[in-house]
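Pasting final17.txt here (compact mmCIF, C-alpha atoms and all ligand atoms):
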```txt
# COMPACT_ATOMS: atom_id res chain seq x y z
CA MET A 1 74.70 -112.40 -39.15
CA VAL A 2 72.62 -113.05 -36.07
CA HIS A 3 69.40 -114.95 -36.57
CA ILE A 4 66.76 -114.58 -33.86
CA LYS A 5 64.37 -117.50 -33.60
CA TYR A 6 60.80 -116.47 -32.75
CA PRO A 7 58.77 -116.73 -30.63
CA LEU A 8 60.79 -115.50 -27.65
CA SER A 9 59.18 -116.20 -24.27
CA TRP A 10 59.78 -115.23 -20.67
CA ASN A 11 57.62 -116.16 -17.70
CA LYS A 12 58.05 -115.45 -13.99
CA ASN A 13 55.65 -115.24 -11.09
CA ASP A 14 52.45 -115.02 -13.17
CA PHE A 15 54.02 -112.33 -15.37
CA SER A 16 54.90 -113.35 -18.91
CA ILE A 17 55.75 -112.02 -22.31
CA LYS A 18 55.74 -113.68 -25.68
CA ILE A 19 57.32 -111.96 -28.66
CA PHE A 20 55.77 -113.65 -31.67
CA CYS A 21 57.80 -111.67 -34.13
CA SER A 22 59.96 -108.56 -34.43
CA ILE A 23 61.42 -108.06 -37.89
CA PRO A 24 62.10 -104.55 -39.19
CA ASN A 25 59.83 -103.47 -42.06
CA ILE A 26 57.79 -106.66 -41.74
CA ALA A 27 56.06 -107.11 -38.39
CA THR A 28 56.19 -107.00 -34.62
CA GLY A 29 53.70 -108.71 -32.29
CA ILE A 30 53.92 -109.02 -28.51
CA LEU A 31 51.60 -110.45 -25.83
CA ILE A 32 52.04 -109.62 -22.14
CA ARG A 33 50.09 -111.52 -19.47
CA ALA A 34 50.02 -110.32 -15.86
CA GLY A 35 47.79 -112.40 -13.63
CA LYS A 36 44.42 -112.31 -15.39
CA ALA A 37 45.30 -109.33 -17.58
CA ASN A 38 46.19 -109.64 -21.25
CA PHE A 39 47.96 -106.80 -23.06
CA VAL A 40 49.09 -106.55 -26.65
CA VAL A 41 52.11 -104.45 -27.56
CA ASP A 42 52.80 -103.30 -31.13
CA PRO A 43 50.25 -105.41 -33.03
CA GLY A 44 51.85 -105.74 -36.43
CA ASP A 45 50.66 -107.91 -39.29
CA GLY A 46 49.98 -111.51 -38.25
CA ILE A 47 48.89 -110.67 -34.71
CA LEU A 48 45.49 -112.42 -35.01
CA ARG A 49 47.04 -115.63 -36.24
CA ASP A 50 49.59 -115.59 -33.41
CA LEU A 51 47.10 -114.67 -30.68
CA ASN A 52 44.65 -117.33 -31.79
CA LYS A 53 47.33 -119.96 -31.72
CA GLU A 54 48.62 -118.82 -28.34
CA ILE A 55 45.53 -117.98 -26.24
CA GLY A 56 42.35 -118.54 -28.29
CA VAL A 57 39.23 -116.42 -28.72
CA GLU A 58 38.05 -116.10 -25.10
CA GLU A 59 41.39 -114.75 -23.91
CA ILE A 60 41.66 -112.47 -26.94
CA LEU A 61 38.29 -110.96 -25.98
CA ASN A 62 39.79 -110.41 -22.55
CA ILE A 63 42.56 -108.12 -23.88
CA SER A 64 42.12 -104.83 -22.04
CA ASP A 65 45.01 -102.70 -23.26
CA VAL A 66 47.01 -102.21 -26.42
CA PHE A 67 50.33 -100.36 -26.22
CA ILE A 68 51.79 -98.71 -29.31
CA THR A 69 55.44 -97.60 -29.33
CA HIS A 70 55.17 -95.70 -32.63
CA GLY A 71 53.19 -95.64 -35.85
CA HIS A 72 55.46 -97.46 -38.30
CA HIS A 73 53.60 -100.14 -40.24
CA ASP A 74 55.63 -103.00 -38.79
CA HIS A 75 54.22 -102.02 -35.35
CA VAL A 76 50.60 -101.10 -36.16
CA GLY A 77 49.80 -103.16 -39.26
CA GLY A 78 47.50 -105.49 -37.30
CA VAL A 79 45.49 -102.84 -35.43
CA TRP A 80 42.58 -102.69 -37.90
CA SER A 81 42.14 -106.45 -38.01
CA LEU A 82 42.44 -106.77 -34.22
CA LEU A 83 39.76 -104.10 -33.65
CA THR A 84 37.48 -105.70 -36.23
CA TYR A 85 37.99 -109.20 -34.89
CA LEU A 86 37.05 -108.07 -31.37
CA HIS A 87 33.83 -106.62 -32.80
CA VAL A 88 32.98 -109.68 -34.89
CA MET A 89 33.56 -111.92 -31.86
CA ARG A 90 31.37 -109.57 -29.75
CA LYS A 91 33.84 -108.24 -27.20
CA LYS A 92 31.93 -106.53 -24.38
CA SER A 93 34.62 -105.03 -22.13
CA ASN A 94 36.46 -101.79 -22.93
CA LEU A 95 39.69 -101.67 -24.87
CA SER A 96 42.26 -98.94 -24.16
CA ILE A 97 44.82 -98.05 -26.80
CA HIS A 98 47.87 -96.24 -25.40
CA TYR A 99 49.95 -94.39 -27.98
CA PRO A 100 52.39 -91.50 -28.22
CA GLU A 101 51.00 -88.02 -28.81
CA GLY A 102 51.34 -87.12 -32.47
CA CYS A 103 51.02 -90.69 -33.73
CA VAL A 104 48.69 -89.93 -36.65
CA GLU A 105 48.61 -93.54 -37.78
CA ILE A 106 46.69 -94.69 -34.68
CA GLU A 107 44.32 -91.73 -34.71
CA SER A 108 43.62 -92.25 -38.42
CA ILE A 109 43.01 -95.98 -38.06
CA HIS A 110 40.72 -95.30 -35.11
CA ASN A 111 38.78 -92.58 -36.97
CA ALA A 112 38.29 -94.77 -40.03
CA PHE A 113 37.29 -97.69 -37.84
CA GLN A 114 34.70 -95.60 -36.00
CA GLN A 115 33.31 -94.39 -39.32
CA VAL A 116 32.72 -97.94 -40.48
CA TYR A 117 31.61 -99.61 -37.24
CA SER A 118 30.44 -97.01 -34.71
CA GLN A 119 26.73 -97.78 -35.24
CA SER A 120 27.05 -101.37 -34.15
CA LEU A 121 30.30 -101.63 -32.19
CA SER A 122 30.06 -104.29 -29.45
CA TYR A 123 32.71 -102.73 -27.20
CA LYS A 124 34.12 -99.33 -26.33
CA ILE A 125 37.53 -98.16 -27.52
CA ILE A 126 39.30 -95.67 -25.29
CA LEU A 127 42.13 -93.80 -26.96
CA GLU A 128 44.76 -92.99 -24.34
CA LYS A 129 47.14 -90.47 -25.84
CA ILE A 130 50.40 -90.31 -23.89
CA ASP A 131 51.66 -86.74 -23.67
CA ASN A 132 53.81 -87.01 -20.52
CA HIS A 133 56.00 -89.68 -19.03
CA ARG A 134 54.28 -90.28 -15.72
CA SER A 135 53.59 -93.83 -14.61
CA PHE A 136 50.00 -95.04 -14.56
CA ARG A 137 48.27 -98.23 -13.51
CA THR A 138 46.03 -100.51 -15.48
CA ARG A 139 44.84 -103.97 -14.37
CA ASN A 140 47.34 -104.11 -11.44
CA VAL A 141 50.26 -103.33 -13.74
CA THR A 142 52.28 -100.13 -13.41
CA VAL A 143 53.21 -98.75 -16.79
CA THR A 144 55.98 -96.21 -17.26
CA PRO A 145 56.26 -94.73 -20.75
CA PHE A 146 59.54 -93.08 -21.73
CA PRO A 147 60.58 -91.15 -24.85
CA VAL A 148 63.07 -92.72 -27.25
CA ILE A 149 64.93 -91.50 -30.33
CA HIS A 150 63.57 -92.96 -33.54
CA LYS A 151 63.71 -91.24 -36.89
CA GLU A 152 62.45 -91.82 -40.41
CA MET A 153 63.36 -90.50 -43.84
CA THR A 154 61.30 -87.51 -44.96
CA GLY A 155 61.58 -88.45 -48.62
CA GLU A 156 63.63 -85.32 -49.43
CA GLY A 157 67.20 -86.37 -49.98
CA ASN A 158 68.79 -87.71 -46.84
CA LYS A 159 66.67 -85.67 -44.43
CA THR A 160 65.21 -87.39 -41.40
CA ARG A 161 62.63 -86.45 -38.78
CA GLN A 162 61.89 -87.75 -35.29
CA VAL A 163 58.69 -89.81 -35.08
CA PRO A 164 56.55 -89.81 -31.92
CA ALA A 165 58.07 -92.84 -30.21
CA LEU A 166 57.97 -94.40 -26.75
CA GLY A 167 59.37 -97.30 -24.83
CA TYR A 168 57.41 -98.85 -21.95
CA LYS A 169 58.34 -100.35 -18.63
CA PHE A 170 55.75 -102.75 -17.19
CA THR A 171 55.88 -103.65 -13.49
CA PHE A 172 53.86 -106.47 -11.91
CA ASN A 173 54.50 -108.66 -8.84
CA LYS A 174 57.71 -106.69 -8.19
CA LEU A 175 59.10 -107.73 -11.58
CA ASN A 176 59.62 -105.43 -14.50
CA ILE A 177 59.87 -105.76 -18.22
CA CYS A 178 61.41 -102.92 -20.21
CA TYR A 179 60.62 -102.72 -23.93
CA GLY A 180 62.37 -99.95 -25.84
CA GLY A 181 60.43 -100.22 -29.10
CA ASP A 182 62.43 -98.92 -32.07
CA THR A 183 65.15 -96.58 -30.92
CA ALA A 184 68.64 -95.32 -31.40
CA TYR A 185 70.94 -95.45 -28.37
CA CYS A 186 69.40 -93.07 -25.81
CA ASP A 187 69.71 -92.24 -22.11
CA THR A 188 66.06 -92.89 -21.30
CA LEU A 189 66.39 -96.48 -22.49
CA VAL A 190 69.72 -96.91 -20.70
CA LYS A 191 68.07 -95.74 -17.47
CA ASN A 192 64.91 -97.85 -17.78
CA ALA A 193 66.62 -101.04 -18.92
CA LYS A 194 69.14 -100.99 -16.09
CA ASN A 195 68.37 -103.65 -13.44
CA SER A 196 65.07 -104.58 -15.08
CA ASP A 197 64.17 -108.26 -14.82
CA LEU A 198 63.83 -108.43 -18.58
CA ALA A 199 64.93 -105.89 -21.19
CA ILE A 200 63.83 -106.16 -24.81
CA ILE A 201 66.26 -104.24 -26.90
CA GLU A 202 66.18 -103.65 -30.62
CA ALA A 203 69.29 -104.13 -32.73
CA GLY A 204 67.83 -102.96 -36.02
CA HIS A 205 70.86 -101.24 -37.49
CA ASP A 206 72.87 -103.68 -39.51
CA GLU A 207 76.03 -101.62 -39.78
CA HIS A 208 78.69 -100.81 -37.23
CA THR A 209 78.45 -97.03 -37.31
CA PRO A 210 75.57 -95.86 -35.09
CA ASP A 211 72.71 -93.86 -36.65
CA ASP A 212 69.66 -92.14 -35.18
CA MET A 213 67.05 -94.70 -36.20
CA HIS A 214 68.14 -98.02 -34.73
CA MET A 215 70.89 -99.51 -32.57
CA THR A 216 73.84 -101.55 -33.67
CA MET A 217 74.25 -105.02 -32.19
CA LYS A 218 77.05 -103.69 -30.00
CA GLU A 219 74.98 -100.80 -28.62
CA ALA A 220 72.00 -103.07 -27.98
CA LYS A 221 74.11 -105.60 -26.10
CA THR A 222 75.71 -102.89 -23.96
CA ILE A 223 72.24 -101.88 -22.76
CA GLY A 224 70.88 -105.42 -22.52
CA GLU A 225 73.71 -106.52 -20.29
CA THR A 226 72.71 -104.01 -17.59
CA ALA A 227 69.42 -105.91 -17.14
CA LYS A 228 69.05 -109.24 -15.34
CA GLU A 229 67.99 -110.90 -18.60
CA TYR A 230 67.54 -109.53 -22.08
CA PHE A 231 66.34 -110.32 -25.56
CA LEU A 232 67.68 -108.68 -28.69
CA VAL A 233 64.94 -108.12 -31.24
CA HIS A 234 64.20 -106.30 -34.52
CA VAL A 235 67.38 -107.62 -36.10
CA PRO A 236 67.24 -107.45 -39.91
CA GLU A 237 66.96 -110.89 -41.53
ZN ZN B 301 60.15 -101.33 -36.55
ZN ZN B 302 60.10 -97.88 -36.59
```
Can the structure in the file be given as structure tokens, please?
Amino acid sequence: MVHIKYPLSWNKNDFSIKIFCSIPNIATGILIRAGKANFVVDPGDGILRDLNKEIGVEEILNISDVFITHGHHDHVGGVWSLLTYLHVMRKKSNLSIHYPEGCVEIESIHNAFQQVYSQSLSYKIILEKIDNHRSFRTRNVTVTPFPVIHKEMTGEGNKTRQVPALGYKFTFNKLNICYGGDTAYCDTLVKNAKNSDLAIIEAGHDEHTPDDMHMTMKEAKTIGETAKEYFLVHVPE
């Protein structure tokens, strides 16, 4: 049994990432800082506590972009509280939320949030639905989304369905961080993780036979080892 001790941190050339937590079915929470830019990736439950401890209110108000890999609760559980906190603390600058097309969880949270707060909201939320895999730039960071394979049970017998799911590659100061989100072994992740300065690879499948939801430890390591450095995350505890 592998036990990952959080937080995991990496910092090079004004580009850093801190993974506060990544435990399947419980929570994920990731902060990326690139120069003056602050991004949050997969704000699961506990994100406000971790952000407050790490960067404090002023820098939280400075968060410009949120990146969602997919809508499972362990990746979006903190979205409502983050949006509300930014309002209560009177954020003024825009917030963009990038998410995969078809991710009903984010659209539903956003709709409900607008219903409650739209009259008095202190900042503007821009929903950025990702429906292609072209790179784009935000705050001097190049972001390349890529599709991954991640399934969930439908509730009927053993049937599964693909969920809208992405990984992201972030490039800043000629360095890149590749985060696969939740995924089974897939070519897009293999390609994007290769030669990256840091790869964050999930190893959420606790058995040895591969499935189409998560990777086994062996699969995750095979991909991680093609990067200059890597972290294994999302390992069941
Ligand atoms: Zn997960
Ligand atoms: Zn998931």
Notebook entry, point to check: Which residues, written as a VMD selection string, have at least one atom at most 9 Å from A:Ile130, with all atoms listed in the file counted and residues fewer than 5 positions away on the same chain left out?
Noted result: chain A and resid 98 to 101 145
Check: If you count all atoms listed in the file, which residues end up within 7 Å of ligand ZN 302 (chain B), as a list in words?
Finding: His70, His72, His150 and Asp182 of chain A
Neighbour list for stretch 19-25 of chain A as an mmCIF file with C-alpha atoms, in the coordinates of the input, cut-off 6 Å, all atoms listed in the file, skip fewer than 3 positions in-chain:
```cif
data_model
loop_
_atom_site.group_PDB
_atom_site.id
_atom_site.type_symbol
_atom_site.label_atom_id
_atom_site.label_comp_id
_atom_site.auth_asym_id
_atom_site.auth_seq_id
_atom_site.Cartn_x
_atom_site.Cartn_y
_atom_site.Cartn_z
ATOM 1 C CA TYR A 6 60.800 -116.470 -32.750
ATOM 2 C CA PRO A 7 58.770 -116.730 -30.630
ATOM 3 C CA LEU A 8 60.790 -115.500 -27.650
ATOM 4 C CA THR A 28 56.190 -107.000 -34.620
ATOM 5 C CA GLY A 29 53.700 -108.710 -32.290
ATOM 6 C CA ILE A 30 53.920 -109.020 -28.510
ATOM 7 C CA ASP A 74 55.630 -103.000 -38.790
ATOM 8 C CA VAL A 233 64.940 -108.120 -31.240
ATOM 9 C CA HIS A 234 64.200 -106.300 -34.520
ATOM 10 C CA PRO A 236 67.240 -107.450 -39.910
#
```
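Nearest-residue note for A:Ala34: choosing from A:Gln162, A:Asn192, A:Thr171, A:Ser122, the minimum distance belongs to A:Thr171, counting all atoms listed in the file.
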Notebook entry, point to check: Hey, which of A:Arg137, A:Lys194, A:His75, A:Arg33 ends up closest to ligand ZN 301 (chain B)? Count only C-alpha atoms and all ligand atoms.
Noted result: A:His75
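Using all atoms listed in the file, the shortest contact distance between ligand ZN 301 (chain B) and any of A:Arg90, A:Lys218, A:His73, A:Lys151 is found at A:His73.
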Next item on the list: Identify which of the residues A:Lys129, A:Lys124, A:Arg161, A:His214 lies closest to ligand ZN 301 (chain B), counting all atoms listed in the file when measuring atom-to-atom distances.
Entry: A:His214
Since the input lacks atoms, please generate N, CA and C atoms for stretch 86-115 of chain A and provide them as a PDB file, in the frame of the given file.
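See part.pdb below for the written result:
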```pdb
ATOM      1  N   LEU A  86      37.676-108.206 -32.690  1.00  0.00           N
ATOM      2  CA  LEU A  86      37.050-108.070 -31.370  1.00  0.00           C
ATOM      3  C   LEU A  86      35.565-107.741 -31.511  1.00  0.00           C
ATOM      4  N   HIS A  87      35.235-106.968 -32.536  1.00  0.00           N
ATOM      5  CA  HIS A  87      33.830-106.620 -32.800  1.00  0.00           C
ATOM      6  C   HIS A  87      33.058-107.837 -33.325  1.00  0.00           C
ATOM      7  N   VAL A  88      33.637-108.513 -34.289  1.00  0.00           N
ATOM      8  CA  VAL A  88      32.980-109.680 -34.890  1.00  0.00           C
ATOM      9  C   VAL A  88      32.735-110.763 -33.823  1.00  0.00           C
ATOM     10  N   MET A  89      33.684-110.905 -32.908  1.00  0.00           N
ATOM     11  CA  MET A  89      33.560-111.920 -31.860  1.00  0.00           C
ATOM     12  C   MET A  89      32.778-111.404 -30.648  1.00  0.00           C
ATOM     13  N   ARG A  90      32.250-110.177 -30.752  1.00  0.00           N
ATOM     14  CA  ARG A  90      31.370-109.570 -29.750  1.00  0.00           C
ATOM     15  C   ARG A  90      32.061-109.332 -28.400  1.00  0.00           C
ATOM     16  N   LYS A  91      33.208-108.677 -28.451  1.00  0.00           N
ATOM     17  CA  LYS A  91      33.840-108.240 -27.200  1.00  0.00           C
ATOM     18  C   LYS A  91      32.897-107.291 -26.472  1.00  0.00           C
ATOM     19  N   LYS A  92      32.822-107.405 -25.143  1.00  0.00           N
ATOM     20  CA  LYS A  92      31.930-106.530 -24.380  1.00  0.00           C
ATOM     21  C   LYS A  92      32.716-105.509 -23.537  1.00  0.00           C
ATOM     22  N   SER A  93      33.865-105.921 -23.022  1.00  0.00           N
ATOM     23  CA  SER A  93      34.620-105.030 -22.130  1.00  0.00           C
ATOM     24  C   SER A  93      35.391-103.978 -22.934  1.00  0.00           C
ATOM     25  N   ASN A  94      35.747-102.883 -22.258  1.00  0.00           N
ATOM     26  CA  ASN A  94      36.460-101.790 -22.930  1.00  0.00           C
ATOM     27  C   ASN A  94      37.852-102.197 -23.401  1.00  0.00           C
ATOM     28  N   LEU A  95      38.317-101.494 -24.413  1.00  0.00           N
ATOM     29  CA  LEU A  95      39.690-101.670 -24.870  1.00  0.00           C
ATOM     30  C   LEU A  95      40.381-100.306 -24.863  1.00  0.00           C
ATOM     31  N   SER A  96      41.490-100.194 -24.141  1.00  0.00           N
ATOM     32  CA  SER A  96      42.260 -98.940 -24.160  1.00  0.00           C
ATOM     33  C   SER A  96      43.438 -99.086 -25.106  1.00  0.00           C
ATOM     34  N   ILE A  97      43.642 -98.058 -25.914  1.00  0.00           N
ATOM     35  CA  ILE A  97      44.820 -98.050 -26.800  1.00  0.00           C
ATOM     36  C   ILE A  97      45.724 -96.901 -26.351  1.00  0.00           C
ATOM     37  N   HIS A  98      46.902 -97.236 -25.867  1.00  0.00           N
ATOM     38  CA  HIS A  98      47.870 -96.240 -25.400  1.00  0.00           C
ATOM     39  C   HIS A  98      48.867 -95.984 -26.538  1.00  0.00           C
ATOM     40  N   TYR A  99      49.080 -94.712 -26.845  1.00  0.00           N
ATOM     41  CA  TYR A  99      49.950 -94.390 -27.980  1.00  0.00           C
ATOM     42  C   TYR A  99      50.585 -93.024 -27.780  1.00  0.00           C
ATOM     43  N   PRO A 100      51.717 -92.790 -28.414  1.00  0.00           N
ATOM     44  CA  PRO A 100      52.390 -91.500 -28.220  1.00  0.00           C
ATOM     45  C   PRO A 100      51.648 -90.344 -28.891  1.00  0.00           C
ATOM     46  N   GLU A 101      51.606 -89.215 -28.228  1.00  0.00           N
ATOM     47  CA  GLU A 101      51.000 -88.020 -28.810  1.00  0.00           C
ATOM     48  C   GLU A 101      51.640 -87.725 -30.163  1.00  0.00           C
ATOM     49  N   GLY A 102      50.821 -87.445 -31.147  1.00  0.00           N
ATOM     50  CA  GLY A 102      51.340 -87.120 -32.470  1.00  0.00           C
ATOM     51  C   GLY A 102      51.385 -88.324 -33.402  1.00  0.00           C
ATOM     52  N   CYS A 103      50.991 -89.482 -32.894  1.00  0.00           N
ATOM     53  CA  CYS A 103      51.020 -90.690 -33.730  1.00  0.00           C
ATOM     54  C   CYS A 103      49.754 -90.700 -34.602  1.00  0.00           C
ATOM     55  N   VAL A 104      49.866 -90.096 -35.789  1.00  0.00           N
ATOM     56  CA  VAL A 104      48.690 -89.930 -36.650  1.00  0.00           C
ATOM     57  C   VAL A 104      48.166 -91.266 -37.170  1.00  0.00           C
ATOM     58  N   GLU A 105      49.043 -92.247 -37.245  1.00  0.00           N
ATOM     59  CA  GLU A 105      48.610 -93.540 -37.780  1.00  0.00           C
ATOM     60  C   GLU A 105      47.491 -94.125 -36.905  1.00  0.00           C
ATOM     61  N   ILE A 106      47.693 -94.116 -35.580  1.00  0.00           N
ATOM     62  CA  ILE A 106      46.690 -94.690 -34.680  1.00  0.00           C
ATOM     63  C   ILE A 106      45.395 -93.881 -34.712  1.00  0.00           C
ATOM     64  N   GLU A 107      45.533 -92.553 -34.691  1.00  0.00           N
ATOM     65  CA  GLU A 107      44.320 -91.730 -34.710  1.00  0.00           C
ATOM     66  C   GLU A 107      43.559 -91.916 -36.017  1.00  0.00           C
ATOM     67  N   SER A 108      44.283 -92.062 -37.126  1.00  0.00           N
ATOM     68  CA  SER A 108      43.620 -92.250 -38.420  1.00  0.00           C
ATOM     69  C   SER A 108      42.942 -93.612 -38.511  1.00  0.00           C
ATOM     70  N   ILE A 109      43.618 -94.646 -38.034  1.00  0.00           N
ATOM     71  CA  ILE A 109      43.010 -95.980 -38.060  1.00  0.00           C
ATOM     72  C   ILE A 109      41.749 -95.965 -37.189  1.00  0.00           C
ATOM     73  N   HIS A 110      41.863 -95.345 -36.018  1.00  0.00           N
ATOM     74  CA  HIS A 110      40.720 -95.300 -35.110  1.00  0.00           C
ATOM     75  C   HIS A 110      39.552 -94.525 -35.722  1.00  0.00           C
ATOM     76  N   ASN A 111      39.848 -93.368 -36.342  1.00  0.00           N
ATOM     77  CA  ASN A 111      38.780 -92.580 -36.970  1.00  0.00           C
ATOM     78  C   ASN A 111      38.088 -93.359 -38.074  1.00  0.00           C
ATOM     79  N   ALA A 112      38.876 -93.997 -38.920  1.00  0.00           N
ATOM     80  CA  ALA A 112      38.290 -94.770 -40.030  1.00  0.00           C
ATOM     81  C   ALA A 112      37.472 -95.930 -39.469  1.00  0.00           C
ATOM     82  N   PHE A 113      37.981 -96.558 -38.444  1.00  0.00           N
ATOM     83  CA  PHE A 113      37.290 -97.690 -37.840  1.00  0.00           C
ATOM     84  C   PHE A 113      35.942 -97.248 -37.257  1.00  0.00           C
ATOM     85  N   GLN A 114      35.947 -96.114 -36.582  1.00  0.00           N
ATOM     86  CA  GLN A 114      34.700 -95.600 -36.000  1.00  0.00           C
ATOM     87  C   GLN A 114      33.695 -95.269 -37.105  1.00  0.00           C
ATOM     88  N   GLN A 115      34.209 -94.734 -38.220  1.00  0.00           N
ATOM     89  CA  GLN A 115      33.310 -94.390 -39.320  1.00  0.00           C
ATOM     90  C   GLN A 115      32.592 -95.621 -39.851  1.00  0.00           C
TER      91      GLN A 115
END
```
